[in-house]
Amino acid sequence: MKHKAAGTPGRLRSSDSSSPRRRATGKLLSTKKKSVPSRTSSALRKSTSSRKRKSSIQSSWMRHALKAGVRDGILSKKNGAEQHRAALHLNHNMQHSFMEWCSSSLDMRPDYAHMMELSSAYVRGYSLGSGEKESFFPLLLHVSASAVVSASNEADRLDQVLNELERLPLQELIVVLNGCDDNSYSITRKHPQVTIVHYDERLGHDVGRSIGAGMARGDIILFTDGDIPIPAEQLAAFMYAVDGGCDVALNDINPFLPLFVHQDDVTRCKSFLNMALGRSDLGASSLTAVPHALSAGVLATIGKEALMIPPKAQALAITGGFHVAQVDTVNVFVSNRLRTGNMGQGNPVAHMIIGDHVEALQTVMGLIKDARSPVPLSRKDVAMRRNA
């Protein structure tokens, strides 16, 4: 005896999803789907439009980068200059062509993550055109930028630091060598873009930054130290932030800090100063940590000599109403060199930094006191108030 397959009586079963279905009456059901407007179809149209626009932008930068790379590669070979200078010349041309493309193709200023993607993609296209593997990092900047490096006996890392900085679109690169008795000078001399400031005595990184800032001509000034090599892609974030309107771009060190109970006195002083200034959102982020970048405008107001006491400079910038923000997170604790003076509980460097924070608080309290001091009254005004 034959058994019917389980299911609705009279309905054909088929593993072929394309087969038409039949009603019990034997009439065919239409397999054509009705057109029903939906959010999905609307989103799909937007997604397709977005993909087309993205594809158009990609083909745009590829054509522009290839053309510029071919042109500049030929010019570089014709120049016949030494390798390092030729590379700098090519980097300058790449920055110029990248800025041309950005101004003609971008409707709005992208965030930094998107900026990195655009820059990396453009370099790939430019490298194909020039026939050289380029490592430069072009950046959308509307103003000029300088970099200041303070170094003291960092010959083993200084070359790496300068190599990364030379990947950036800098107007100038200033290196302050203070108290160096190694071969830091000869290493720095190999970099033709660098302006060297040399002091026989050890000034300290803070004083070195202040001296370098006094020489810098850029609208953006990027600061870092000679003992901590940092990739250009991370350094560029601070420059890009200042170009976008930030006055003091700080390194967000908070993710690397332990709980408050386990923090050292220096870290607690940084947090306390920011809290006292009404910027508890900054945590322990401070101008005492590199990398950071400042606008020429904030330096003109607070004075470049204020950089000799970084907490004081930060306090003056905040109380002056300047835009101070944490821009990126760079772990400088891992690569920070341990020296005799900065190790152990209550070391001389820690005492100095704590003293700098005390001076910063004293300065701020003095400013508040001056602002709140009553205007002295004349004898006539006093008499009128008394008689009233």
# chains A, B, ... in the order shown; residues from 1 in each chain; ligands from 1

$ residues_around --residues "A:Met239" --least-positions-apart "4" --cutoff "7 Å" --atoms "only C-alpha atoms" --output "list of chain:residue names"
A:Ile220, A:Leu222, A:Asp243, A:Ala293

$ residues_around --residues "A:Ala313" --least-positions-apart "4" --cutoff "12 Å" --atoms "only C-alpha atoms" --output "PDB file with all heavy atoms, in the first residue's frame"
ATOM      1  N   ASP A 206      62.672  69.923  28.968  1.00  0.00           N
ATOM      2  CA  ASP A 206      61.703  71.033  28.996  1.00  0.00           C
ATOM      3  C   ASP A 206      62.328  72.330  28.480  1.00  0.00           C
ATOM      4  O   ASP A 206      61.731  73.040  27.665  1.00  0.00           O
ATOM      5  CB  ASP A 206      61.176  71.238  30.418  1.00  0.00           C
ATOM      6  CG  ASP A 206      60.462  70.016  30.944  1.00  0.00           C
ATOM      7  OD1 ASP A 206      59.953  69.238  30.122  1.00  0.00           O
ATOM      8  OD2 ASP A 206      60.423  69.828  32.184  1.00  0.00           O
ATOM      9  N   SER A 210      61.542  74.556  24.953  1.00  0.00           N
ATOM     10  CA  SER A 210      61.311  76.001  24.966  1.00  0.00           C
ATOM     11  C   SER A 210      62.242  76.708  23.981  1.00  0.00           C
ATOM     12  O   SER A 210      61.814  77.600  23.235  1.00  0.00           O
ATOM     13  CB  SER A 210      61.519  76.558  26.378  1.00  0.00           C
ATOM     14  OG  SER A 210      61.359  77.949  26.408  1.00  0.00           O
ATOM     15  N   VAL A 248      46.110  72.959  21.993  1.00  0.00           N
ATOM     16  CA  VAL A 248      47.046  72.103  22.729  1.00  0.00           C
ATOM     17  C   VAL A 248      46.580  70.662  22.552  1.00  0.00           C
ATOM     18  O   VAL A 248      45.554  70.251  23.103  1.00  0.00           O
ATOM     19  CB  VAL A 248      47.094  72.463  24.226  1.00  0.00           C
ATOM     20  CG1 VAL A 248      48.079  71.548  24.957  1.00  0.00           C
ATOM     21  CG2 VAL A 248      47.489  73.926  24.415  1.00  0.00           C
ATOM     22  N   LEU A 273      45.919  68.824  39.230  1.00  0.00           N
ATOM     23  CA  LEU A 273      45.995  70.113  38.544  1.00  0.00           C
ATOM     24  C   LEU A 273      44.860  70.254  37.528  1.00  0.00           C
ATOM     25  O   LEU A 273      44.186  71.287  37.478  1.00  0.00           O
ATOM     26  CB  LEU A 273      47.346  70.273  37.845  1.00  0.00           C
ATOM     27  CG  LEU A 273      47.531  71.557  37.024  1.00  0.00           C
ATOM     28  CD1 LEU A 273      47.423  72.795  37.910  1.00  0.00           C
ATOM     29  CD2 LEU A 273      48.860  71.538  36.269  1.00  0.00           C
ATOM     30  N   SER A 286      49.112  65.426  30.238  1.00  0.00           N
ATOM     31  CA  SER A 286      49.852  66.637  30.570  1.00  0.00           C
ATOM     32  C   SER A 286      50.895  66.955  29.502  1.00  0.00           C
ATOM     33  O   SER A 286      51.318  66.076  28.733  1.00  0.00           O
ATOM     34  CB  SER A 286      50.542  66.432  31.926  1.00  0.00           C
ATOM     35  OG  SER A 286      51.456  67.457  32.197  1.00  0.00           O
ATOM     36  N   LEU A 287      51.309  68.213  29.476  1.00  0.00           N
ATOM     37  CA  LEU A 287      52.388  68.630  28.583  1.00  0.00           C
ATOM     38  C   LEU A 287      53.740  68.073  29.019  1.00  0.00           C
ATOM     39  O   LEU A 287      54.739  68.259  28.319  1.00  0.00           O
ATOM     40  CB  LEU A 287      52.464  70.156  28.518  1.00  0.00           C
ATOM     41  CG  LEU A 287      51.441  70.844  27.613  1.00  0.00           C
ATOM     42  CD1 LEU A 287      51.534  72.360  27.753  1.00  0.00           C
ATOM     43  CD2 LEU A 287      51.636  70.436  26.154  1.00  0.00           C
ATOM     44  N   THR A 288      53.784  67.406  30.165  1.00  0.00           N
ATOM     45  CA  THR A 288      55.026  66.752  30.582  1.00  0.00           C
ATOM     46  C   THR A 288      55.297  65.503  29.748  1.00  0.00           C
ATOM     47  O   THR A 288      56.415  64.980  29.760  1.00  0.00           O
ATOM     48  CB  THR A 288      54.958  66.349  32.071  1.00  0.00           C
ATOM     49  OG1 THR A 288      53.842  65.496  32.274  1.00  0.00           O
ATOM     50  CG2 THR A 288      54.829  67.563  32.958  1.00  0.00           C
ATOM     51  N   LEU A 294      51.319  72.116  19.684  1.00  0.00           N
ATOM     52  CA  LEU A 294      50.702  73.381  20.076  1.00  0.00           C
ATOM     53  C   LEU A 294      50.568  74.294  18.864  1.00  0.00           C
ATOM     54  O   LEU A 294      51.361  74.205  17.919  1.00  0.00           O
ATOM     55  CB  LEU A 294      51.528  74.089  21.148  1.00  0.00           C
ATOM     56  CG  LEU A 294      51.499  73.520  22.573  1.00  0.00           C
ATOM     57  CD1 LEU A 294      52.434  72.337  22.726  1.00  0.00           C
ATOM     58  CD2 LEU A 294      51.879  74.591  23.580  1.00  0.00           C
ATOM     59  N   VAL A 298      48.639  79.883  20.669  1.00  0.00           N
ATOM     60  CA  VAL A 298      48.678  79.686  22.125  1.00  0.00           C
ATOM     61  C   VAL A 298      50.074  80.022  22.663  1.00  0.00           C
ATOM     62  O   VAL A 298      50.217  80.585  23.753  1.00  0.00           O
ATOM     63  CB  VAL A 298      48.250  78.249  22.512  1.00  0.00           C
ATOM     64  CG1 VAL A 298      49.294  77.220  22.111  1.00  0.00           C
ATOM     65  CG2 VAL A 298      48.001  78.154  24.016  1.00  0.00           C
ATOM     66  N   LEU A 299      51.111  79.704  21.894  1.00  0.00           N
ATOM     67  CA  LEU A 299      52.475  80.014  22.332  1.00  0.00           C
ATOM     68  C   LEU A 299      52.721  81.518  22.373  1.00  0.00           C
ATOM     69  O   LEU A 299      53.427  82.017  23.253  1.00  0.00           O
ATOM     70  CB  LEU A 299      53.491  79.341  21.408  1.00  0.00           C
ATOM     71  CG  LEU A 299      53.678  77.830  21.610  1.00  0.00           C
ATOM     72  CD1 LEU A 299      54.595  77.258  20.542  1.00  0.00           C
ATOM     73  CD2 LEU A 299      54.240  77.537  22.989  1.00  0.00           C
ATOM     74  N   ALA A 300      52.126  82.232  21.442  1.00  0.00           N
ATOM     75  CA  ALA A 300      52.289  83.693  21.424  1.00  0.00           C
ATOM     76  C   ALA A 300      51.634  84.328  22.641  1.00  0.00           C
ATOM     77  O   ALA A 300      52.086  85.365  23.131  1.00  0.00           O
ATOM     78  CB  ALA A 300      51.677  84.263  20.150  1.00  0.00           C
ATOM     79  N   THR A 301      50.587  83.680  23.165  1.00  0.00           N
ATOM     80  CA  THR A 301      49.865  84.237  24.312  1.00  0.00           C
ATOM     81  C   THR A 301      50.501  83.860  25.642  1.00  0.00           C
ATOM     82  O   THR A 301      50.724  84.710  26.505  1.00  0.00           O
ATOM     83  CB  THR A 301      48.393  83.764  24.297  1.00  0.00           C
ATOM     84  OG1 THR A 301      47.779  84.194  23.072  1.00  0.00           O
ATOM     85  CG2 THR A 301      47.625  84.346  25.468  1.00  0.00           C
ATOM     86  N   ILE A 302      50.790  82.569  25.821  1.00  0.00           N
ATOM     87  CA  ILE A 302      51.331  82.132  27.125  1.00  0.00           C
ATOM     88  C   ILE A 302      52.832  82.371  27.214  1.00  0.00           C
ATOM     89  O   ILE A 302      53.397  82.374  28.312  1.00  0.00           O
ATOM     90  CB  ILE A 302      51.014  80.642  27.398  1.00  0.00           C
ATOM     91  CG1 ILE A 302      51.792  79.727  26.429  1.00  0.00           C
ATOM     92  CG2 ILE A 302      49.527  80.382  27.297  1.00  0.00           C
ATOM     93  CD1 ILE A 302      51.643  78.241  26.722  1.00  0.00           C
ATOM     94  N   GLY A 303      53.495  82.570  26.091  1.00  0.00           N
ATOM     95  CA  GLY A 303      54.943  82.782  26.078  1.00  0.00           C
ATOM     96  C   GLY A 303      55.688  81.466  25.930  1.00  0.00           C
ATOM     97  O   GLY A 303      55.391  80.503  26.648  1.00  0.00           O
ATOM     98  N   LYS A 304      56.624  81.403  25.004  1.00  0.00           N
ATOM     99  CA  LYS A 304      57.359  80.162  24.751  1.00  0.00           C
ATOM    100  C   LYS A 304      58.223  79.754  25.932  1.00  0.00           C
ATOM    101  O   LYS A 304      58.524  78.579  26.127  1.00  0.00           O
ATOM    102  CB  LYS A 304      58.194  80.314  23.481  1.00  0.00           C
ATOM    103  CG  LYS A 304      57.323  80.470  22.248  1.00  0.00           C
ATOM    104  CD  LYS A 304      58.090  80.829  21.001  1.00  0.00           C
ATOM    105  CE  LYS A 304      57.140  81.015  19.822  1.00  0.00           C
ATOM    106  NZ  LYS A 304      57.800  81.442  18.586  1.00  0.00           N
ATOM    107  N   GLU A 305      58.604  80.738  26.763  1.00  0.00           N
ATOM    108  CA  GLU A 305      59.397  80.403  27.953  1.00  0.00           C
ATOM    109  C   GLU A 305      58.582  79.602  28.959  1.00  0.00           C
ATOM    110  O   GLU A 305      59.144  78.906  29.822  1.00  0.00           O
ATOM    111  CB  GLU A 305      59.945  81.673  28.608  1.00  0.00           C
ATOM    112  CG  GLU A 305      58.892  82.638  29.151  1.00  0.00           C
ATOM    113  CD  GLU A 305      58.271  83.522  28.100  1.00  0.00           C
ATOM    114  OE1 GLU A 305      58.696  83.422  26.925  1.00  0.00           O
ATOM    115  OE2 GLU A 305      57.374  84.317  28.450  1.00  0.00           O
ATOM    116  N   ALA A 306      57.238  79.650  28.855  1.00  0.00           N
ATOM    117  CA  ALA A 306      56.383  78.882  29.773  1.00  0.00           C
ATOM    118  C   ALA A 306      56.581  77.385  29.591  1.00  0.00           C
ATOM    119  O   ALA A 306      56.300  76.599  30.511  1.00  0.00           O
ATOM    120  CB  ALA A 306      54.914  79.253  29.558  1.00  0.00           C
ATOM    121  N   LEU A 307      57.073  76.959  28.423  1.00  0.00           N
ATOM    122  CA  LEU A 307      57.286  75.540  28.170  1.00  0.00           C
ATOM    123  C   LEU A 307      58.378  74.950  29.050  1.00  0.00           C
ATOM    124  O   LEU A 307      58.479  73.732  29.181  1.00  0.00           O
ATOM    125  CB  LEU A 307      57.646  75.314  26.696  1.00  0.00           C
ATOM    126  CG  LEU A 307      56.555  75.643  25.674  1.00  0.00           C
ATOM    127  CD1 LEU A 307      57.058  75.363  24.267  1.00  0.00           C
ATOM    128  CD2 LEU A 307      55.286  74.851  25.956  1.00  0.00           C
ATOM    129  N   MET A 308      59.199  75.801  29.664  1.00  0.00           N
ATOM    130  CA  MET A 308      60.219  75.300  30.587  1.00  0.00           C
ATOM    131  C   MET A 308      59.582  74.667  31.818  1.00  0.00           C
ATOM    132  O   MET A 308      60.202  73.874  32.515  1.00  0.00           O
ATOM    133  CB  MET A 308      61.177  76.428  30.988  1.00  0.00           C
ATOM    134  CG  MET A 308      62.071  76.906  29.856  1.00  0.00           C
ATOM    135  SD  MET A 308      63.361  78.053  30.403  1.00  0.00           S
ATOM    136  CE  MET A 308      62.393  79.552  30.588  1.00  0.00           C
ATOM    137  N   ILE A 309      58.311  75.040  32.084  1.00  0.00           N
ATOM    138  CA  ILE A 309      57.547  74.438  33.189  1.00  0.00           C
ATOM    139  C   ILE A 309      56.231  73.950  32.576  1.00  0.00           C
ATOM    140  O   ILE A 309      55.221  74.677  32.583  1.00  0.00           O
ATOM    141  CB  ILE A 309      57.287  75.456  34.316  1.00  0.00           C
ATOM    142  CG1 ILE A 309      58.608  76.093  34.746  1.00  0.00           C
ATOM    143  CG2 ILE A 309      56.586  74.796  35.497  1.00  0.00           C
ATOM    144  CD1 ILE A 309      58.449  77.236  35.724  1.00  0.00           C
ATOM    145  N   ALA A 317      47.234  77.844  29.392  1.00  0.00           N
ATOM    146  CA  ALA A 317      46.437  77.609  28.187  1.00  0.00           C
ATOM    147  C   ALA A 317      44.970  77.363  28.542  1.00  0.00           C
ATOM    148  O   ALA A 317      44.064  77.885  27.886  1.00  0.00           O
ATOM    149  CB  ALA A 317      46.992  76.417  27.413  1.00  0.00           C
ATOM    150  N   ILE A 318      44.734  76.582  29.594  1.00  0.00           N
ATOM    151  CA  ILE A 318      43.356  76.280  29.993  1.00  0.00           C
ATOM    152  C   ILE A 318      42.657  77.515  30.534  1.00  0.00           C
ATOM    153  O   ILE A 318      41.528  77.838  30.145  1.00  0.00           O
ATOM    154  CB  ILE A 318      43.341  75.134  31.031  1.00  0.00           C
ATOM    155  CG1 ILE A 318      43.801  73.821  30.370  1.00  0.00           C
ATOM    156  CG2 ILE A 318      41.942  74.965  31.630  1.00  0.00           C
ATOM    157  CD1 ILE A 318      43.961  72.661  31.340  1.00  0.00           C
ATOM    158  N   THR A 319      43.320  78.224  31.447  1.00  0.00           N
ATOM    159  CA  THR A 319      42.699  79.428  32.016  1.00  0.00           C
ATOM    160  C   THR A 319      42.548  80.535  30.979  1.00  0.00           C
ATOM    161  O   THR A 319      41.707  81.421  31.125  1.00  0.00           O
ATOM    162  CB  THR A 319      43.528  79.955  33.209  1.00  0.00           C
ATOM    163  OG1 THR A 319      44.887  80.171  32.786  1.00  0.00           O
ATOM    164  CG2 THR A 319      43.513  78.966  34.359  1.00  0.00           C
ATOM    165  N   GLY A 320      43.360  80.475  29.918  1.00  0.00           N
ATOM    166  CA  GLY A 320      43.266  81.473  28.853  1.00  0.00           C
ATOM    167  C   GLY A 320      42.154  81.177  27.853  1.00  0.00           C
ATOM    168  O   GLY A 320      41.963  81.941  26.901  1.00  0.00           O
ATOM    169  N   PHE A 322      41.905  78.540  25.797  1.00  0.00           N
ATOM    170  CA  PHE A 322      42.328  77.856  24.571  1.00  0.00           C
ATOM    171  C   PHE A 322      41.770  76.437  24.535  1.00  0.00           C
ATOM    172  O   PHE A 322      41.446  75.853  25.574  1.00  0.00           O
ATOM    173  CB  PHE A 322      43.847  77.829  24.464  1.00  0.00           C
ATOM    174  CG  PHE A 322      44.449  79.171  24.156  1.00  0.00           C
ATOM    175  CD1 PHE A 322      44.902  79.994  25.180  1.00  0.00           C
ATOM    176  CD2 PHE A 322      44.521  79.624  22.848  1.00  0.00           C
ATOM    177  CE1 PHE A 322      45.444  81.244  24.905  1.00  0.00           C
ATOM    178  CE2 PHE A 322      45.068  80.870  22.562  1.00  0.00           C
ATOM    179  CZ  PHE A 322      45.527  81.678  23.594  1.00  0.00           C
ATOM    180  N   VAL A 324      42.078  72.839  24.581  1.00  0.00           N
ATOM    181  CA  VAL A 324      43.022  71.808  25.027  1.00  0.00           C
ATOM    182  C   VAL A 324      42.313  70.460  24.970  1.00  0.00           C
ATOM    183  O   VAL A 324      41.221  70.317  25.530  1.00  0.00           O
ATOM    184  CB  VAL A 324      43.518  72.087  26.461  1.00  0.00           C
ATOM    185  CG1 VAL A 324      44.493  71.012  26.909  1.00  0.00           C
ATOM    186  CG2 VAL A 324      44.155  73.469  26.547  1.00  0.00           C
ATOM    187  N   ASP A 356      57.032  71.672  39.788  1.00  0.00           N
ATOM    188  CA  ASP A 356      56.455  72.378  38.638  1.00  0.00           C
ATOM    189  C   ASP A 356      54.943  72.504  38.778  1.00  0.00           C
ATOM    190  O   ASP A 356      54.353  73.538  38.437  1.00  0.00           O
ATOM    191  CB  ASP A 356      56.781  71.625  37.346  1.00  0.00           C
ATOM    192  CG  ASP A 356      58.249  71.763  36.947  1.00  0.00           C
ATOM    193  OD1 ASP A 356      58.949  72.613  37.536  1.00  0.00           O
ATOM    194  OD2 ASP A 356      58.688  71.025  36.044  1.00  0.00           O
ATOM    195  N   HIS A 357      54.292  71.474  39.294  1.00  0.00           N
ATOM    196  CA  HIS A 357      52.844  71.509  39.477  1.00  0.00           C
ATOM    197  C   HIS A 357      52.446  72.485  40.584  1.00  0.00           C
ATOM    198  O   HIS A 357      51.416  73.159  40.490  1.00  0.00           O
ATOM    199  CB  HIS A 357      52.315  70.104  39.783  1.00  0.00           C
ATOM    200  CG  HIS A 357      52.200  69.226  38.571  1.00  0.00           C
ATOM    201  ND1 HIS A 357      53.292  68.588  38.029  1.00  0.00           N
ATOM    202  CD2 HIS A 357      51.143  68.927  37.780  1.00  0.00           C
ATOM    203  CE1 HIS A 357      52.894  67.899  36.965  1.00  0.00           C
ATOM    204  NE2 HIS A 357      51.594  68.093  36.794  1.00  0.00           N
ATOM    205  N   GLU A 359      54.109  75.188  41.294  1.00  0.00           N
ATOM    206  CA  GLU A 359      54.261  76.512  40.688  1.00  0.00           C
ATOM    207  C   GLU A 359      53.084  76.823  39.763  1.00  0.00           C
ATOM    208  O   GLU A 359      52.616  77.975  39.700  1.00  0.00           O
ATOM    209  CB  GLU A 359      55.583  76.592  39.909  1.00  0.00           C
ATOM    210  CG  GLU A 359      55.857  77.971  39.346  1.00  0.00           C
ATOM    211  CD  GLU A 359      57.265  78.114  38.798  1.00  0.00           C
ATOM    212  OE1 GLU A 359      58.121  77.258  39.084  1.00  0.00           O
ATOM    213  OE2 GLU A 359      57.508  79.103  38.073  1.00  0.00           O
ATOM    214  N   ALA A 360      52.605  75.807  39.037  1.00  0.00           N
ATOM    215  CA  ALA A 360      51.453  76.008  38.157  1.00  0.00           C
ATOM    216  C   ALA A 360      50.217  76.405  38.952  1.00  0.00           C
ATOM    217  O   ALA A 360      49.484  77.333  38.580  1.00  0.00           O
ATOM    218  CB  ALA A 360      51.179  74.729  37.366  1.00  0.00           C
ATOM    219  N   LEU A 361      49.985  75.722  40.077  1.00  0.00           N
ATOM    220  CA  LEU A 361      48.839  76.051  40.932  1.00  0.00           C
ATOM    221  C   LEU A 361      48.969  77.456  41.514  1.00  0.00           C
ATOM    222  O   LEU A 361      47.998  78.205  41.599  1.00  0.00           O
ATOM    223  CB  LEU A 361      48.713  75.021  42.055  1.00  0.00           C
ATOM    224  CG  LEU A 361      48.127  73.659  41.654  1.00  0.00           C
ATOM    225  CD1 LEU A 361      48.329  72.653  42.769  1.00  0.00           C
ATOM    226  CD2 LEU A 361      46.639  73.788  41.316  1.00  0.00           C
ATOM    227  N   THR A 363      50.547  79.955  40.186  1.00  0.00           N
ATOM    228  CA  THR A 363      50.292  80.915  39.110  1.00  0.00           C
ATOM    229  C   THR A 363      48.789  81.095  38.881  1.00  0.00           C
ATOM    230  O   THR A 363      48.295  82.222  38.743  1.00  0.00           O
ATOM    231  CB  THR A 363      50.952  80.432  37.800  1.00  0.00           C
ATOM    232  OG1 THR A 363      52.369  80.304  38.011  1.00  0.00           O
ATOM    233  CG2 THR A 363      50.690  81.404  36.660  1.00  0.00           C
ATOM    234  N   VAL A 364      48.060  79.977  38.838  1.00  0.00           N
ATOM    235  CA  VAL A 364      46.618  80.033  38.611  1.00  0.00           C
ATOM    236  C   VAL A 364      45.912  80.751  39.760  1.00  0.00           C
ATOM    237  O   VAL A 364      45.027  81.587  39.547  1.00  0.00           O
ATOM    238  CB  VAL A 364      46.037  78.611  38.445  1.00  0.00           C
ATOM    239  CG1 VAL A 364      44.512  78.651  38.408  1.00  0.00           C
ATOM    240  CG2 VAL A 364      46.579  77.978  37.172  1.00  0.00           C
TER     241      VAL A 364
END

$ residues_around --residues "stretch 140-152 of chain A" --least-positions-apart "3" --cutoff "6 Å" --atoms "only C-alpha atoms" --output "PyMOL selection string"
chain A and resi 170-180+205+208+212+218-226

$ atom_distance --atom1 "atom CA of A:Arg217" --atom2 "atom CA of A:Ser184"
24.1 Å

$ select_by_dssp --residues "stretch 54-270 of chain A" --states "strand (DSSP E)" --output "PyMOL selection string"
chain A and resi 145-151+172-178+194-199+220-225+248-251

$ write_last_selection --atoms "N, CA and C atoms" --output "tab-separated table (two decimals), in the first residue's frame"
chain	number	residue	atom	x	y	z
A	145	ALA	N	53.95	73.49	9.42
A	145	ALA	CA	54.25	72.74	10.65
A	145	ALA	C	55.75	72.61	10.87
A	146	SER	N	56.14	72.72	12.13
A	146	SER	CA	57.53	72.51	12.55
A	146	SER	C	57.56	71.39	13.59
A	147	ALA	N	58.71	70.79	13.78
A	147	ALA	CA	58.88	69.79	14.83
A	147	ALA	C	60.12	70.12	15.64
A	148	VAL	N	60.02	69.93	16.95
A	148	VAL	CA	61.15	70.18	17.85
A	148	VAL	C	61.47	68.90	18.61
A	149	VAL	N	62.74	68.51	18.56
A	149	VAL	CA	63.21	67.32	19.27
A	149	VAL	C	64.25	67.74	20.28
A	150	SER	N	64.04	67.34	21.52
A	150	SER	CA	65.04	67.59	22.56
A	150	SER	C	65.77	66.28	22.85
A	151	ALA	N	67.10	66.30	22.81
A	151	ALA	CA	67.87	65.06	22.95
A	151	ALA	C	69.09	65.27	23.82
A	172	GLU	N	60.09	72.60	8.88
A	172	GLU	CA	61.42	72.55	9.48
A	172	GLU	C	61.45	71.53	10.60
A	173	LEU	N	62.65	71.05	10.87
A	173	LEU	CA	62.87	70.07	11.93
A	173	LEU	C	64.04	70.55	12.77
A	174	ILE	N	63.77	70.89	14.03
A	174	ILE	CA	64.79	71.47	14.92
A	174	ILE	C	65.16	70.45	15.99
A	175	VAL	N	66.44	70.19	16.13
A	175	VAL	CA	66.92	69.26	17.15
A	175	VAL	C	67.80	70.02	18.13
A	176	VAL	N	67.41	70.00	19.41
A	176	VAL	CA	68.18	70.66	20.46
A	176	VAL	C	69.00	69.60	21.18
A	177	LEU	N	70.32	69.61	20.95
A	177	LEU	CA	71.22	68.66	21.61
A	177	LEU	C	71.78	69.35	22.86
A	178	ASN	N	71.48	68.80	24.02
A	178	ASN	CA	71.99	69.43	25.25
A	178	ASN	C	72.73	68.42	26.10
A	194	VAL	N	67.48	68.91	9.03
A	194	VAL	CA	67.53	69.28	10.44
A	194	VAL	C	68.34	70.55	10.69
A	195	THR	N	67.79	71.40	11.56
A	195	THR	CA	68.54	72.53	12.11
A	195	THR	C	68.99	72.13	13.51
A	196	ILE	N	70.29	72.18	13.76
A	196	ILE	CA	70.84	71.71	15.04
A	196	ILE	C	71.14	72.88	15.96
A	197	VAL	N	70.68	72.74	17.20
A	197	VAL	CA	71.03	73.69	18.27
A	197	VAL	C	71.82	72.89	19.30
A	198	HIS	N	73.05	73.30	19.57
A	198	HIS	CA	73.93	72.50	20.43
A	198	HIS	C	74.34	73.27	21.68
A	199	TYR	N	74.12	72.64	22.84
A	199	TYR	CA	74.57	73.20	24.12
A	199	TYR	C	75.46	72.17	24.81
A	220	ILE	N	52.02	75.21	13.36
A	220	ILE	CA	51.87	74.05	14.26
A	220	ILE	C	53.27	73.66	14.70
A	221	ILE	N	53.42	73.38	16.00
A	221	ILE	CA	54.73	72.92	16.48
A	221	ILE	C	54.53	71.59	17.20
A	222	LEU	N	55.16	70.57	16.66
A	222	LEU	CA	55.09	69.22	17.21
A	222	LEU	C	56.32	68.98	18.08
A	223	PHE	N	56.11	68.43	19.28
A	223	PHE	CA	57.21	68.18	20.21
A	223	PHE	C	57.34	66.69	20.50
A	224	THR	N	58.58	66.21	20.46
A	224	THR	CA	58.86	64.84	20.88
A	224	THR	C	60.30	64.79	21.39
A	225	ASP	N	60.69	63.65	21.92
A	225	ASP	CA	62.04	63.50	22.49
A	225	ASP	C	62.89	62.56	21.66
A	248	VAL	N	46.11	72.96	21.99
A	248	VAL	CA	47.05	72.10	22.73
A	248	VAL	C	46.58	70.66	22.55
A	249	ALA	N	47.32	69.89	21.76
A	249	ALA	CA	46.97	68.50	21.49
A	249	ALA	C	47.82	67.59	22.37
A	250	LEU	N	47.16	66.93	23.34
A	250	LEU	CA	47.86	66.14	24.34
A	250	LEU	C	47.83	64.64	24.03
A	251	ASN	N	48.83	63.94	24.54
A	251	ASN	CA	48.87	62.49	24.48
A	251	ASN	C	48.03	61.93	25.63

$ atom_distance --atom1 "atom CA of A:Val161" --atom2 "atom CA of A:Cys246"
24.4 Å

$ closest_residue --among "A:Leu118, A:Leu168, A:Leu235, A:Val266" --to "A:Val349" --atoms "only C-alpha atoms"
A:Val266

$ atom_distance --atom1 "atom CA of A:Met115" --atom2 "atom CA of A:Tyr240"
9.2 Å

$ select_by_dssp --residues "stretch 161-197 of chain A" --states "alpha helix (DSSP H)" --output "ChimeraX atom specification"
/A:161-165,184-189

$ write_last_selection --atoms "N, CA and C atoms" --output "JSON list (two decimals), in the first residue's frame"
[["chain", "number", "residue", "atom", "x", "y", "z"],
["A", 161, "VAL", "N", 64.19, 58.23, 15.44],
["A", 161, "VAL", "CA", 63.26, 59.34, 15.71],
["A", 161, "VAL", "C", 63.21, 60.29, 14.52],
["A", 162, "LEU", "N", 64.37, 60.65, 13.99],
["A", 162, "LEU", "CA", 64.43, 61.61, 12.88],
["A", 162, "LEU", "C", 63.89, 61.00, 11.58],
["A", 163, "ASN", "N", 64.13, 59.71, 11.37],
["A", 163, "ASN", "CA", 63.61, 59.04, 10.17],
["A", 163, "ASN", "C", 62.08, 59.12, 10.13],
["A", 164, "GLU", "N", 61.44, 58.91, 11.28],
["A", 164, "GLU", "CA", 59.97, 58.96, 11.32],
["A", 164, "GLU", "C", 59.47, 60.40, 11.12],
["A", 165, "LEU", "N", 60.16, 61.36, 11.70],
["A", 165, "LEU", "CA", 59.75, 62.76, 11.54],
["A", 165, "LEU", "C", 59.90, 63.22, 10.10],
["A", 184, "SER", "N", 75.74, 61.90, 18.99],
["A", 184, "SER", "CA", 74.43, 62.42, 18.58],
["A", 184, "SER", "C", 74.57, 63.49, 17.50],
["A", 185, "TYR", "N", 75.59, 64.32, 17.61],
["A", 185, "TYR", "CA", 75.78, 65.41, 16.66],
["A", 185, "TYR", "C", 76.05, 64.87, 15.25],
["A", 186, "SER", "N", 76.94, 63.90, 15.14],
["A", 186, "SER", "CA", 77.28, 63.36, 13.82],
["A", 186, "SER", "C", 76.09, 62.62, 13.21],
["A", 187, "ILE", "N", 75.28, 61.98, 14.03],
["A", 187, "ILE", "CA", 74.08, 61.30, 13.53],
["A", 187, "ILE", "C", 73.08, 62.32, 13.00],
["A", 188, "THR", "N", 72.90, 63.39, 13.74],
["A", 188, "THR", "CA", 71.93, 64.42, 13.34],
["A", 188, "THR", "C", 72.39, 65.12, 12.06],
["A", 189, "ARG", "N", 73.69, 65.28, 11.90],
["A", 189, "ARG", "CA", 74.23, 65.95, 10.71],
["A", 189, "ARG", "C", 73.91, 65.19, 9.42]]

$ residues_around --residues "A:Phe98" --least-positions-apart "5" --cutoff "12 Å" --atoms "only C-alpha atoms" --output "VMD selection string"
chain A and resid 60 to 69 91 to 93 103 to 106 115 118 to 123 125 to 126 136 to 141 169
